[in-house]
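Chemist: File follows, final.cif with mmCIF, C-alpha atoms:
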```
data_coords
#
loop_
_atom_site.label_atom_id
_atom_site.label_comp_id
_atom_site.auth_asym_id
_atom_site.auth_seq_id
_atom_site.Cartn_x
_atom_site.Cartn_y
_atom_site.Cartn_z
CA MET C 246 37.53 -26.05 36.53
CA GLY C 247 37.28 -22.50 35.68
CA PHE C 248 35.72 -21.67 39.03
CA LEU C 249 38.38 -23.52 40.95
CA GLU C 250 41.10 -21.84 39.09
CA ASP C 251 39.54 -18.51 39.75
CA LEU C 252 39.22 -19.35 43.40
CA ILE C 253 42.81 -20.45 43.63
CA LYS C 254 43.87 -17.40 41.71
CA ASN C 255 41.90 -15.12 43.96
CA GLY C 256 43.38 -16.78 47.01
CA CYS C 257 46.85 -16.21 45.69
CA ASP C 258 46.08 -12.59 44.97
CA GLU C 259 44.77 -12.01 48.49
CA GLU C 260 47.84 -13.57 50.00
CA LYS C 261 49.96 -11.36 47.83
CA LEU C 262 47.95 -8.36 48.89
CA GLN C 263 48.46 -9.21 52.52
CA LYS C 264 52.13 -9.69 51.91
CA ASP C 265 52.33 -6.44 50.05
CA SER C 266 50.39 -4.76 52.83
CA LEU C 267 52.81 -6.11 55.40
CA GLU C 268 55.75 -4.94 53.35
CA LEU C 269 54.13 -1.56 52.94
CA ASN C 270 53.55 -1.32 56.68
CA GLU C 271 57.14 -2.30 57.30
CA ILE C 272 58.26 0.33 54.84
CA LYS C 273 56.03 2.91 56.54
CA GLU C 274 57.31 1.88 59.97
CA GLU C 275 60.89 2.06 58.73
CA GLY C 276 60.12 5.46 57.25
CA ILE C 277 58.61 6.60 60.52
CA ASN C 278 61.61 5.28 62.46
CA ALA C 279 63.98 6.88 60.00
CA ARG C 280 62.07 10.13 60.26
CA ASN C 281 62.15 9.93 64.06
CA ILE C 282 65.87 9.24 63.98
CA ILE C 283 66.39 12.17 61.63
CA GLN C 284 64.21 14.37 63.83
CA ASP C 285 66.11 13.27 66.92
CA GLU C 286 69.43 13.91 65.23
CA PHE C 287 68.16 17.27 64.01
CA ALA C 288 66.94 18.11 67.51
CA VAL C 289 70.31 17.10 68.95
CA GLU C 290 72.14 19.10 66.31
CA GLU C 291 69.81 22.02 66.79
CA LYS C 292 70.39 21.85 70.55
CA LYS C 293 74.14 21.77 69.97
CA ILE C 294 73.86 24.84 67.76
CA GLU C 295 71.62 26.55 70.31
CA ASP C 296 73.99 25.63 73.16
CA ALA C 297 76.95 26.83 71.14
CA TYR C 298 75.11 30.07 70.39
CA ARG C 299 74.23 30.54 74.03
CA GLN C 300 77.83 29.76 75.02
CA LYS C 301 79.04 32.30 72.50
CA LEU C 302 76.61 34.84 73.88
CA LEU C 303 77.84 34.10 77.40
CA GLU C 304 81.44 34.46 76.26
CA LEU C 305 80.67 37.73 74.50
CA GLU C 306 78.77 38.95 77.53
CA GLY C 307 81.70 37.93 79.75
CA GLU C 308 84.14 39.71 77.47
CA MET C 309 81.93 42.80 77.51
CA ASN C 310 81.73 42.65 81.31
CA GLU C 311 85.50 42.23 81.55
CA GLU C 312 85.99 45.13 79.16
CA MET C 313 83.58 47.27 81.16
CA ILE C 314 85.31 46.31 84.42
CA LYS C 315 88.71 47.05 82.86
CA HIS C 316 87.40 50.39 81.60
CA GLN C 317 85.99 51.20 85.02
CA ASN C 318 89.29 50.21 86.64
CA ASP C 319 91.15 52.40 84.17
CA LEU C 320 88.84 55.28 85.02
CA LEU C 321 89.33 54.63 88.74
CA GLN C 322 93.11 54.52 88.28
CA ILE C 323 93.03 57.76 86.30
CA ALA C 324 90.82 59.35 88.95
CA GLU C 325 93.10 58.06 91.73
CA ALA C 326 96.18 59.36 89.91
CA ASP C 327 94.50 62.75 89.47
CA ARG C 328 93.49 62.74 93.14
CA LYS C 329 97.04 61.92 94.25
CA LYS C 330 98.49 64.55 91.95
CA GLN C 331 95.99 67.11 93.21
CA LYS C 332 96.77 66.14 96.81
CA GLU C 333 100.51 66.38 96.17
CA LEU C 334 100.04 69.83 94.65
CA THR C 335 97.79 70.91 97.51
CA ASP C 336 100.24 69.55 100.08
CA GLN C 337 103.13 71.26 98.31
CA LEU C 338 101.29 74.58 98.22
CA SER C 339 100.29 74.18 101.88
CA LEU C 340 103.89 73.39 102.80
CA MET C 341 105.17 76.38 100.84
CA GLN C 342 102.58 78.62 102.48
CA ALA C 343 103.53 77.27 105.91
CA GLU C 344 107.20 77.85 105.15
CA ARG C 345 106.49 81.40 103.98
CA THR C 346 104.47 82.04 107.12
CA GLN C 347 107.29 80.60 109.22
CA ARG C 348 109.83 82.78 107.42
CA THR C 349 107.67 85.83 108.09
CA ILE C 350 107.46 84.87 111.74
CA THR C 351 111.23 84.33 111.74
CA VAL C 352 111.83 87.83 110.38
CA LEU C 353 109.39 89.36 112.88
CA ASP C 354 111.07 87.45 115.71
CA ALA C 355 114.45 88.62 114.42
CA MET C 356 113.22 92.21 114.39
CA SER C 357 111.98 91.88 117.96
CA GLU C 358 115.24 90.23 119.01
CA GLU C 359 117.29 92.90 117.26
CA LYS C 360 115.24 95.65 118.89
CA LYS C 361 115.95 94.22 122.35
CA PHE C 362 119.59 93.65 121.46
CA GLU C 363 119.92 97.20 120.13
CA LYS C 364 118.56 98.52 123.44
CA PHE C 365 121.09 96.36 125.28
CA ARG C 366 123.86 97.52 122.93
CA ARG C 367 123.06 101.20 123.60
CA GLU C 368 123.02 100.55 127.35
CA CYS C 369 126.43 98.85 127.11
CA GLN C 370 127.74 101.80 125.10
CA SER C 371 126.49 104.15 127.83
CA VAL C 372 128.27 102.05 130.46
CA PHE C 373 131.43 102.10 128.36
CA ASN C 374 131.21 105.90 128.11
CA LEU C 375 130.77 106.02 131.89
CA PHE C 376 133.93 103.94 132.25
CA ILE C 377 135.82 106.43 130.05
CA LYS C 378 134.67 109.24 132.35
CA SER C 379 135.66 107.24 135.43
CA ARG C 380 139.08 106.58 133.95
CA ILE C 381 139.46 110.29 133.23
CA VAL C 382 138.68 111.00 136.89
CA PHE C 383 141.50 108.63 137.83
CA ARG C 384 143.84 110.24 135.29
CA VAL C 385 143.09 113.67 136.75
CA GLU C 386 143.95 112.49 140.27
CA GLU C 387 146.83 110.30 139.11
CA THR C 388 149.28 113.22 139.14
CA SER C 389 148.23 114.19 142.66
CA ILE C 390 148.68 110.60 143.86
CA MET C 391 152.14 110.36 142.28
CA SER C 392 153.07 113.72 143.84
CA ALA C 393 151.88 112.50 147.25
CA ILE C 394 153.93 109.30 146.91
CA THR C 395 157.01 111.36 145.98
CA CYS C 396 156.54 113.62 149.01
CA MET C 397 156.10 110.61 151.27
CA CYS C 398 159.25 108.97 149.95
CA ARG C 399 161.14 112.22 150.69
CA LEU C 400 159.42 112.57 154.06
CA LEU C 401 157.96 115.90 153.01
CA THR C 402 154.76 117.42 154.24
CA LEU C 403 151.78 116.96 151.93
CA ASP C 404 150.58 120.34 150.78
CA SER C 405 147.41 118.87 149.27
CA LEU C 406 145.73 115.49 149.19
CA PRO C 407 144.45 113.80 146.02
CA ASP C 408 140.68 113.58 145.71
CA VAL C 409 140.63 109.80 145.98
CA ALA C 410 136.98 109.87 147.01
CA SER C 411 136.02 111.14 143.53
CA ILE C 412 137.75 108.08 142.01
CA ASN C 413 135.88 105.77 144.34
CA THR C 414 132.57 107.50 143.58
CA ALA C 415 133.13 107.32 139.80
CA PHE C 416 133.87 103.59 139.81
CA THR C 417 131.06 102.89 142.28
CA ASN C 418 128.67 104.57 139.84
CA LEU C 419 130.15 102.44 137.07
CA SER C 420 129.56 99.29 139.11
CA ASN C 421 125.96 100.30 139.82
CA ALA C 422 125.35 100.95 136.12
CA ILE C 423 126.59 97.46 135.24
CA ASP C 424 124.26 95.99 137.86
CA GLN C 425 121.36 97.56 135.96
CA LEU C 426 122.23 95.73 132.74
CA ASP C 427 120.14 92.70 131.79
CA ALA C 428 122.59 90.18 130.34
CA PRO C 429 121.02 88.37 127.34
CA ASP C 430 123.14 85.24 127.70
CA ARG C 431 125.80 83.44 129.69
CA LYS C 432 128.64 85.16 127.83
CA TYR C 433 127.62 88.60 129.05
CA ARG C 434 126.72 87.38 132.53
CA GLU C 435 130.26 86.06 132.91
CA LEU C 436 131.68 89.29 131.46
CA PHE C 437 129.68 91.47 133.85
CA SER C 438 130.71 89.32 136.80
CA LYS C 439 134.38 89.54 135.81
CA VAL C 440 134.15 93.32 135.38
CA GLN C 441 132.54 93.75 138.80
CA GLU C 442 135.28 91.68 140.42
CA THR C 443 137.93 93.77 138.66
CA ILE C 444 136.26 97.03 139.74
CA ASP C 445 136.19 95.77 143.33
CA ASP C 446 139.90 94.92 143.13
CA PHE C 447 140.65 98.37 141.71
CA LYS C 448 138.60 100.13 144.39
CA GLU C 449 140.40 98.11 147.06
CA GLN C 450 143.75 99.46 145.82
CA ILE C 451 142.34 102.99 145.74
CA PHE C 452 141.05 102.54 149.29
CA GLU C 453 144.51 101.46 150.49
CA ILE C 454 146.13 104.43 148.73
CA ASP C 455 143.65 106.83 150.32
CA ARG C 456 144.04 105.25 153.77
CA ASN C 457 147.85 105.34 153.68
CA ILE C 458 148.01 108.93 152.41
CA LYS C 459 145.62 110.09 155.12
CA ASN C 460 147.55 108.13 157.77
CA TYR C 461 150.80 109.73 156.58
CA GLY C 462 149.27 113.18 156.87
CA LYS C 463 148.06 112.43 160.38
CA MET C 464 151.46 111.08 161.41
CA LYS C 465 153.27 114.14 160.03
CA ASP C 466 150.96 116.35 162.05
CA SER C 467 151.46 114.25 165.16
CA GLN C 468 154.08 115.12 167.75
CA ALA C 469 155.08 111.46 168.06
CA LEU C 470 156.48 110.83 164.59
CA PRO C 471 157.31 107.30 163.48
CA SER C 472 160.78 106.57 162.22
CA ASP C 473 161.86 107.71 158.78
CA GLU C 474 162.29 104.07 157.84
CA GLN C 475 158.66 103.35 158.70
CA LEU C 476 157.48 106.38 156.74
CA ARG C 477 159.47 105.31 153.68
CA LYS C 478 158.11 101.78 154.06
CA ASP C 479 154.56 103.13 154.10
CA ALA C 480 155.35 105.25 151.05
CA ALA C 481 156.72 102.19 149.26
CA GLU C 482 153.52 100.27 150.05
CA ILE C 483 151.46 103.08 148.52
CA GLY C 484 153.65 102.83 145.43
CA VAL C 485 152.83 99.12 145.19
CA PHE C 486 149.11 99.83 145.60
CA PHE C 487 149.34 102.52 142.93
CA LYS C 488 151.13 100.24 140.42
CA THR C 489 148.64 97.46 141.16
CA ALA C 490 145.74 99.88 140.64
CA LYS C 491 147.15 100.92 137.24
CA ARG C 492 147.63 97.28 136.22
CA ILE C 493 144.07 96.43 137.25
CA LEU C 494 142.78 99.50 135.42
CA LYS C 495 144.50 98.26 132.26
CA GLU C 496 142.83 94.86 132.68
CA LEU C 497 139.52 96.62 133.27
CA SER C 498 140.01 98.63 130.06
CA GLU C 499 140.44 95.41 128.10
CA LEU C 500 137.27 93.98 129.63
CA MET C 501 135.30 97.17 129.06
CA ALA C 502 136.29 97.13 125.38
CA GLN C 503 133.84 94.23 125.05
CA PHE C 504 131.03 96.65 125.94
CA LYS C 505 131.48 98.23 122.51
CA ILE C 506 129.13 95.79 120.82
CA PRO C 507 128.66 95.90 117.02
CA ALA C 508 125.17 96.27 115.60
CA SER C 509 123.15 93.08 115.25
CA GLN C 510 122.86 91.41 111.83
CA VAL C 511 119.97 89.15 112.87
CA VAL C 512 117.32 90.86 110.72
CA GLN C 513 119.63 91.13 107.71
CA GLN C 514 120.50 87.45 107.98
CA ALA C 515 116.83 86.52 108.36
CA ILE C 516 115.90 88.54 105.26
CA GLU C 517 118.72 86.99 103.25
CA GLY C 518 117.57 83.55 104.36
CA GLN C 519 114.01 84.40 103.30
CA MET C 520 115.19 85.57 99.88
CA LYS C 521 117.14 82.34 99.35
CA ALA C 522 114.15 80.27 100.44
CA HIS C 523 111.88 82.33 98.16
CA GLY C 524 114.20 81.50 95.26
CA VAL C 525 113.84 77.80 96.09
CA ASP C 526 110.04 78.17 96.16
CA GLN C 527 110.05 79.76 92.72
CA LEU C 528 112.20 76.92 91.37
CA GLN C 529 109.83 74.32 92.83
CA ILE C 530 106.82 76.03 91.24
CA LYS C 531 108.52 76.09 87.83
CA GLN C 532 109.32 72.40 88.12
#
```
Just give me the structure as structure tokens.

Modeler:
Amino acid sequence: MGFLEDLIKNGCDEEKLQKDSLELNEIKEEGINARNIIQDEFAVEEKKIEDAYRQKLLELEGEMNEEMIKHQNDLLQIAEADRKKQKELTDQLSLMQAERTQRTITVLDAMSEEKKFEKFRRECQSVFNLFIKSRIVFRVEETSIMSAITCMCRLLTLDSLPDVASINTAFTNLSNAIDQLDAPDRKYRELFSKVQETIDDFKEQIFEIDRNIKNYGKMKDSQALPSDEQLRKDAAEIGVFFKTAKRILKELSELMAQFKIPASQVVQQAIEGQMKAHGVDQLQIKQ
């Protein structure tokens, strides 16, 4: 009995051991599974942390790149602004220099123009003086012409003839002098043309006076005298020619007054313009 009991007891113990072993294995397996789960969760969590860290690094790197790009853009904008400002200043200085050069050229051109105009003005003054002399020649012979007309109206013999040729010569010389003038513009070309026409009209009257006086002298010396009425008529015609000549001479005097040309103010005006422009330049520089 004792042996059987021991055998049964031992059998029960072995079964218990097996059961305990199975439970222990299950516990170990559960522990391993739990550990694996924990490790997997840790790995996942660690990966999340690592991914988050990497993402943060990428964000920081992106922010740094954006900041660098912004800084570079700011530098480029500053450089571009400086370049534009420098270009504006250079352009302004170049423009001012060009304007100063142009003003200098303007003054030099004005000086050249005034020099030519002054030469023309002196020539016109000389022609005007020649007209005064020509008019004096007419004034000298005017008394002789009037005396001849009086004698002709009274049918008297002419003791002396006026020197009409000297008048014609004087005004011919005047006409030739005007032909030598170089008119600077249309105004003076028209003036010279009008003066020449007036001189021609005046000389035509002088020619008729001279012709009629000489014809009267020839007729008085001729044996076949014309009628007194015809002689008085011829004398009256000379009177008309003489009055017309004096009227034309007055018109010519008014025209010749335009030959007294005032001095040119071109250079003075150019200098004043330069001074005003220079004042503007100084103001621009201060601004």

Chemist: Can you measure CA of Lys330 in chain C to CA of Glu311 in chain C for me? One decimal in Å is fine.

Modeler: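 Taking CA of Lys330 in chain C as the start and CA of Glu311 in chain C as the end point, the length is 27.8 Å.
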
Chemist: Could you spell out the hits of the PyMOL selection byres ((chain C and resi 421) around 12) on the shown file, as a list in words?

Modeler: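 Applying the expression gives Val372, Leu375, Phe376, Thr414, Ala415, Phe416, Thr417, Asn418, Leu419, Ser420, Ala422, Ile423, Asp424, Gln425, Leu426, Phe437, Val440, Gln441, Ile444 and Asp445 of chain C.
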
Chemist: How would the residues just chosen look if you wrote them out with C-alpha atoms as a PDB file, keeping the file's coordinate frame?

Modeler:
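Wrote out36.pdb, looks like this:
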```pdb
ATOM      1  CA  VAL C 372     128.270 102.050 130.460  1.00  0.00           C
ATOM      2  CA  LEU C 375     130.770 106.020 131.890  1.00  0.00           C
ATOM      3  CA  PHE C 376     133.930 103.940 132.250  1.00  0.00           C
ATOM      4  CA  THR C 414     132.570 107.500 143.580  1.00  0.00           C
ATOM      5  CA  ALA C 415     133.130 107.320 139.800  1.00  0.00           C
ATOM      6  CA  PHE C 416     133.870 103.590 139.810  1.00  0.00           C
ATOM      7  CA  THR C 417     131.060 102.890 142.280  1.00  0.00           C
ATOM      8  CA  ASN C 418     128.670 104.570 139.840  1.00  0.00           C
ATOM      9  CA  LEU C 419     130.150 102.440 137.070  1.00  0.00           C
ATOM     10  CA  SER C 420     129.560  99.290 139.110  1.00  0.00           C
ATOM     11  CA  ALA C 422     125.350 100.950 136.120  1.00  0.00           C
ATOM     12  CA  ILE C 423     126.590  97.460 135.240  1.00  0.00           C
ATOM     13  CA  ASP C 424     124.260  95.990 137.860  1.00  0.00           C
ATOM     14  CA  GLN C 425     121.360  97.560 135.960  1.00  0.00           C
ATOM     15  CA  LEU C 426     122.230  95.730 132.740  1.00  0.00           C
ATOM     16  CA  PHE C 437     129.680  91.470 133.850  1.00  0.00           C
ATOM     17  CA  VAL C 440     134.150  93.320 135.380  1.00  0.00           C
ATOM     18  CA  GLN C 441     132.540  93.750 138.800  1.00  0.00           C
ATOM     19  CA  ILE C 444     136.260  97.030 139.740  1.00  0.00           C
ATOM     20  CA  ASP C 445     136.190  95.770 143.330  1.00  0.00           C
TER      21      ASP C 445
END
```

Chemist: Considering all atoms listed in the file, state which residue in the set C:Asn413, C:Asp427, C:Leu262, C:Arg380 is at the smallest distance from Lys495 in chain C.

Modeler: C:Arg380

Chemist: From the options C:Lys360, C:Arg299, C:Lys491, C:Lys448, which residue's atoms come nearest to Ile412 in chain C, counting only C-alpha atoms?

Modeler: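 For Ile412 in chain C, the nearest of the candidates is C:Lys448.
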
Chemist: When distances are computed from only C-alpha atoms, which of C:Leu406, C:Thr443, C:Glu496, C:Glu271 shows the smallest separation from Lys459 in chain C?

Modeler: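 The answer is C:Leu406, which sits nearest to Lys459 in chain C.
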
Chemist: Between CA of Leu500 in chain C and CA of Leu436 in chain C, what is the spacing in Å?

Modeler: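 CA of Leu500 in chain C lies 7.5 Å from CA of Leu436 in chain C.
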
Chemist: CA of Glu449 in chain C and CA of Asp479 in chain C are how many Å apart?

Modeler: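 Distance between the two atoms: 16.6 Å.
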
Chemist: Which one is closest to Ala481 in chain C: C:Lys264, C:Lys505, C:Lys273, C:Arg399? Count all atoms listed in the file.

Modeler: C:Arg399

Chemist: Identify all residues satisfying the PyMOL selection byres ((chain C and resi 489) around 12) in the given file; provide them as a PyMOL selection string.

Modeler: chain C and resi 443+446-451+453-454+482-488+490-496

Chemist: Those residues with C-alpha atoms, as a PDB file, keeping the file's coordinate frame please?

Modeler:
```pdb
ATOM      1  CA  THR C 443     137.930  93.770 138.660  1.00  0.00           C
ATOM      2  CA  ASP C 446     139.900  94.920 143.130  1.00  0.00           C
ATOM      3  CA  PHE C 447     140.650  98.370 141.710  1.00  0.00           C
ATOM      4  CA  LYS C 448     138.600 100.130 144.390  1.00  0.00           C
ATOM      5  CA  GLU C 449     140.400  98.110 147.060  1.00  0.00           C
ATOM      6  CA  GLN C 450     143.750  99.460 145.820  1.00  0.00           C
ATOM      7  CA  ILE C 451     142.340 102.990 145.740  1.00  0.00           C
ATOM      8  CA  GLU C 453     144.510 101.460 150.490  1.00  0.00           C
ATOM      9  CA  ILE C 454     146.130 104.430 148.730  1.00  0.00           C
ATOM     10  CA  GLU C 482     153.520 100.270 150.050  1.00  0.00           C
ATOM     11  CA  ILE C 483     151.460 103.080 148.520  1.00  0.00           C
ATOM     12  CA  GLY C 484     153.650 102.830 145.430  1.00  0.00           C
ATOM     13  CA  VAL C 485     152.830  99.120 145.190  1.00  0.00           C
ATOM     14  CA  PHE C 486     149.110  99.830 145.600  1.00  0.00           C
ATOM     15  CA  PHE C 487     149.340 102.520 142.930  1.00  0.00           C
ATOM     16  CA  LYS C 488     151.130 100.240 140.420  1.00  0.00           C
ATOM     17  CA  ALA C 490     145.740  99.880 140.640  1.00  0.00           C
ATOM     18  CA  LYS C 491     147.150 100.920 137.240  1.00  0.00           C
ATOM     19  CA  ARG C 492     147.630  97.280 136.220  1.00  0.00           C
ATOM     20  CA  ILE C 493     144.070  96.430 137.250  1.00  0.00           C
ATOM     21  CA  LEU C 494     142.780  99.500 135.420  1.00  0.00           C
ATOM     22  CA  LYS C 495     144.500  98.260 132.260  1.00  0.00           C
ATOM     23  CA  GLU C 496     142.830  94.860 132.680  1.00  0.00           C
TER      24      GLU C 496
END
```

Chemist: Under the rule that all atoms listed in the file are counted, which of C:Ile294, C:Gln342, C:Arg366, C:Ser498 is the nearest residue to Pro429 in chain C?

Modeler: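 With all atoms listed in the file as the atom set, the closest residue is C:Arg366.
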
Chemist: Counting all atoms listed in the file, which residue out of C:Ala279, C:Ile394, C:Ala480, C:Ile506 sits closest to Phe362 in chain C?

Modeler: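 Result for the nearest residue to Phe362 in chain C: C:Ile506.
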
Chemist: Kindly provide the residues of range 359-384 of chain C that approach range 388-392 of chain C to within 12 Å, each paired with its closest atom pair and their distance in Å to one decimal, based on all atoms listed in the file, listed by chain and increasing number, as JSON lines.

Modeler:
```
{"residue": "C:Ile381", "atom": "CA", "partner": "C:Thr388", "partner_atom": "CA", "distance": 11.8}
{"residue": "C:Val382", "atom": "CA", "partner": "C:Thr388", "partner_atom": "CA", "distance": 11.1}
{"residue": "C:Phe383", "atom": "CA", "partner": "C:Thr388", "partner_atom": "CA", "distance": 9.1}
{"residue": "C:Arg384", "atom": "CA", "partner": "C:Thr388", "partner_atom": "CA", "distance": 7.3}
```

Chemist: Working from the structure I just supplied, which lacks atoms in range 408-436 of chain C, can you model N, CA and C atoms there and output them as a PDB file, in the frame of the given file?

Modeler:
```pdb
ATOM      1  N   ASP C 408     142.108 113.825 145.469  1.00  0.00           N
ATOM      2  CA  ASP C 408     140.680 113.580 145.710  1.00  0.00           C
ATOM      3  C   ASP C 408     140.362 112.112 145.360  1.00  0.00           C
ATOM      4  N   VAL C 409     140.825 111.227 146.224  1.00  0.00           N
ATOM      5  CA  VAL C 409     140.630 109.800 145.980  1.00  0.00           C
ATOM      6  C   VAL C 409     139.154 109.424 146.062  1.00  0.00           C
ATOM      7  N   ALA C 410     138.406 110.167 146.864  1.00  0.00           N
ATOM      8  CA  ALA C 410     136.980 109.870 147.010  1.00  0.00           C
ATOM      9  C   ALA C 410     136.243 110.002 145.673  1.00  0.00           C
ATOM     10  N   SER C 411     136.677 110.958 144.837  1.00  0.00           N
ATOM     11  CA  SER C 411     136.020 111.140 143.530  1.00  0.00           C
ATOM     12  C   SER C 411     136.255 109.911 142.643  1.00  0.00           C
ATOM     13  N   ILE C 412     137.458 109.306 142.785  1.00  0.00           N
ATOM     14  CA  ILE C 412     137.750 108.080 142.010  1.00  0.00           C
ATOM     15  C   ILE C 412     136.823 106.960 142.481  1.00  0.00           C
ATOM     16  N   ASN C 413     136.730 106.816 143.777  1.00  0.00           N
ATOM     17  CA  ASN C 413     135.880 105.770 144.340  1.00  0.00           C
ATOM     18  C   ASN C 413     134.424 105.957 143.930  1.00  0.00           C
ATOM     19  N   THR C 414     133.958 107.211 143.966  1.00  0.00           N
ATOM     20  CA  THR C 414     132.570 107.500 143.580  1.00  0.00           C
ATOM     21  C   THR C 414     132.329 107.174 142.105  1.00  0.00           C
ATOM     22  N   ALA C 415     133.291 107.552 141.245  1.00  0.00           N
ATOM     23  CA  ALA C 415     133.130 107.320 139.800  1.00  0.00           C
ATOM     24  C   ALA C 415     133.022 105.828 139.500  1.00  0.00           C
ATOM     25  N   PHE C 416     133.885 105.017 140.114  1.00  0.00           N
ATOM     26  CA  PHE C 416     133.870 103.590 139.810  1.00  0.00           C
ATOM     27  C   PHE C 416     132.732 102.861 140.535  1.00  0.00           C
ATOM     28  N   THR C 417     132.258 103.436 141.637  1.00  0.00           N
ATOM     29  CA  THR C 417     131.060 102.890 142.280  1.00  0.00           C
ATOM     30  C   THR C 417     129.842 103.099 141.379  1.00  0.00           C
ATOM     31  N   ASN C 418     129.759 104.296 140.787  1.00  0.00           N
ATOM     32  CA  ASN C 418     128.670 104.570 139.840  1.00  0.00           C
ATOM     33  C   ASN C 418     128.740 103.634 138.633  1.00  0.00           C
ATOM     34  N   LEU C 419     129.969 103.367 138.188  1.00  0.00           N
ATOM     35  CA  LEU C 419     130.150 102.440 137.070  1.00  0.00           C
ATOM     36  C   LEU C 419     129.653 101.044 137.444  1.00  0.00           C
ATOM     37  N   SER C 420     129.994 100.604 138.638  1.00  0.00           N
ATOM     38  CA  SER C 420     129.560  99.290 139.110  1.00  0.00           C
ATOM     39  C   SER C 420     128.043  99.209 139.204  1.00  0.00           C
ATOM     40  N   ASN C 421     127.428 100.273 139.709  1.00  0.00           N
ATOM     41  CA  ASN C 421     125.960 100.300 139.820  1.00  0.00           C
ATOM     42  C   ASN C 421     125.301 100.255 138.444  1.00  0.00           C
ATOM     43  N   ALA C 422     125.902 100.940 137.476  1.00  0.00           N
ATOM     44  CA  ALA C 422     125.350 100.950 136.120  1.00  0.00           C
ATOM     45  C   ALA C 422     125.400  99.545 135.505  1.00  0.00           C
ATOM     46  N   ILE C 423     126.475  98.822 135.767  1.00  0.00           N
ATOM     47  CA  ILE C 423     126.590  97.460 135.240  1.00  0.00           C
ATOM     48  C   ILE C 423     125.560  96.548 135.886  1.00  0.00           C
ATOM     49  N   ASP C 424     125.281  96.790 137.166  1.00  0.00           N
ATOM     50  CA  ASP C 424     124.260  95.990 137.860  1.00  0.00           C
ATOM     51  C   ASP C 424     122.886  96.150 137.212  1.00  0.00           C
ATOM     52  N   GLN C 425     122.662  97.293 136.572  1.00  0.00           N
ATOM     53  CA  GLN C 425     121.360  97.560 135.960  1.00  0.00           C
ATOM     54  C   GLN C 425     121.194  96.874 134.599  1.00  0.00           C
ATOM     55  N   LEU C 426     122.296  96.376 134.052  1.00  0.00           N
ATOM     56  CA  LEU C 426     122.230  95.730 132.740  1.00  0.00           C
ATOM     57  C   LEU C 426     121.595  94.347 132.850  1.00  0.00           C
ATOM     58  N   ASP C 427     120.779  94.024 131.851  1.00  0.00           N
ATOM     59  CA  ASP C 427     120.140  92.700 131.790  1.00  0.00           C
ATOM     60  C   ASP C 427     120.886  91.861 130.757  1.00  0.00           C
ATOM     61  N   ALA C 428     121.760  90.990 131.243  1.00  0.00           N
ATOM     62  CA  ALA C 428     122.590  90.180 130.340  1.00  0.00           C
ATOM     63  C   ALA C 428     121.723  89.234 129.523  1.00  0.00           C
ATOM     64  N   PRO C 429     121.865  89.225 128.183  1.00  0.00           N
ATOM     65  CA  PRO C 429     121.020  88.370 127.340  1.00  0.00           C
ATOM     66  C   PRO C 429     121.441  86.901 127.340  1.00  0.00           C
ATOM     67  N   ASP C 430     122.685  86.631 127.722  1.00  0.00           N
ATOM     68  CA  ASP C 430     123.140  85.240 127.700  1.00  0.00           C
ATOM     69  C   ASP C 430     124.279  85.040 128.691  1.00  0.00           C
ATOM     70  N   ARG C 431     124.752  83.813 128.728  1.00  0.00           N
ATOM     71  CA  ARG C 431     125.800  83.440 129.690  1.00  0.00           C
ATOM     72  C   ARG C 431     127.093  84.209 129.441  1.00  0.00           C
ATOM     73  N   LYS C 432     127.406  84.445 128.177  1.00  0.00           N
ATOM     74  CA  LYS C 432     128.640  85.160 127.830  1.00  0.00           C
ATOM     75  C   LYS C 432     128.703  86.506 128.530  1.00  0.00           C
ATOM     76  N   TYR C 433     127.621  87.264 128.446  1.00  0.00           N
ATOM     77  CA  TYR C 433     127.620  88.600 129.050  1.00  0.00           C
ATOM     78  C   TYR C 433     127.485  88.528 130.570  1.00  0.00           C
ATOM     79  N   ARG C 434     126.790  87.525 131.070  1.00  0.00           N
ATOM     80  CA  ARG C 434     126.720  87.380 132.530  1.00  0.00           C
ATOM     81  C   ARG C 434     128.113  87.151 133.108  1.00  0.00           C
ATOM     82  N   GLU C 435     128.890  86.309 132.448  1.00  0.00           N
ATOM     83  CA  GLU C 435     130.260  86.060 132.910  1.00  0.00           C
ATOM     84  C   GLU C 435     131.122  87.305 132.759  1.00  0.00           C
ATOM     85  N   LEU C 436     130.922  88.046 131.661  1.00  0.00           N
ATOM     86  CA  LEU C 436     131.680  89.290 131.460  1.00  0.00           C
ATOM     87  C   LEU C 436     131.369  90.296 132.553  1.00  0.00           C
TER      88      LEU C 436
END
```
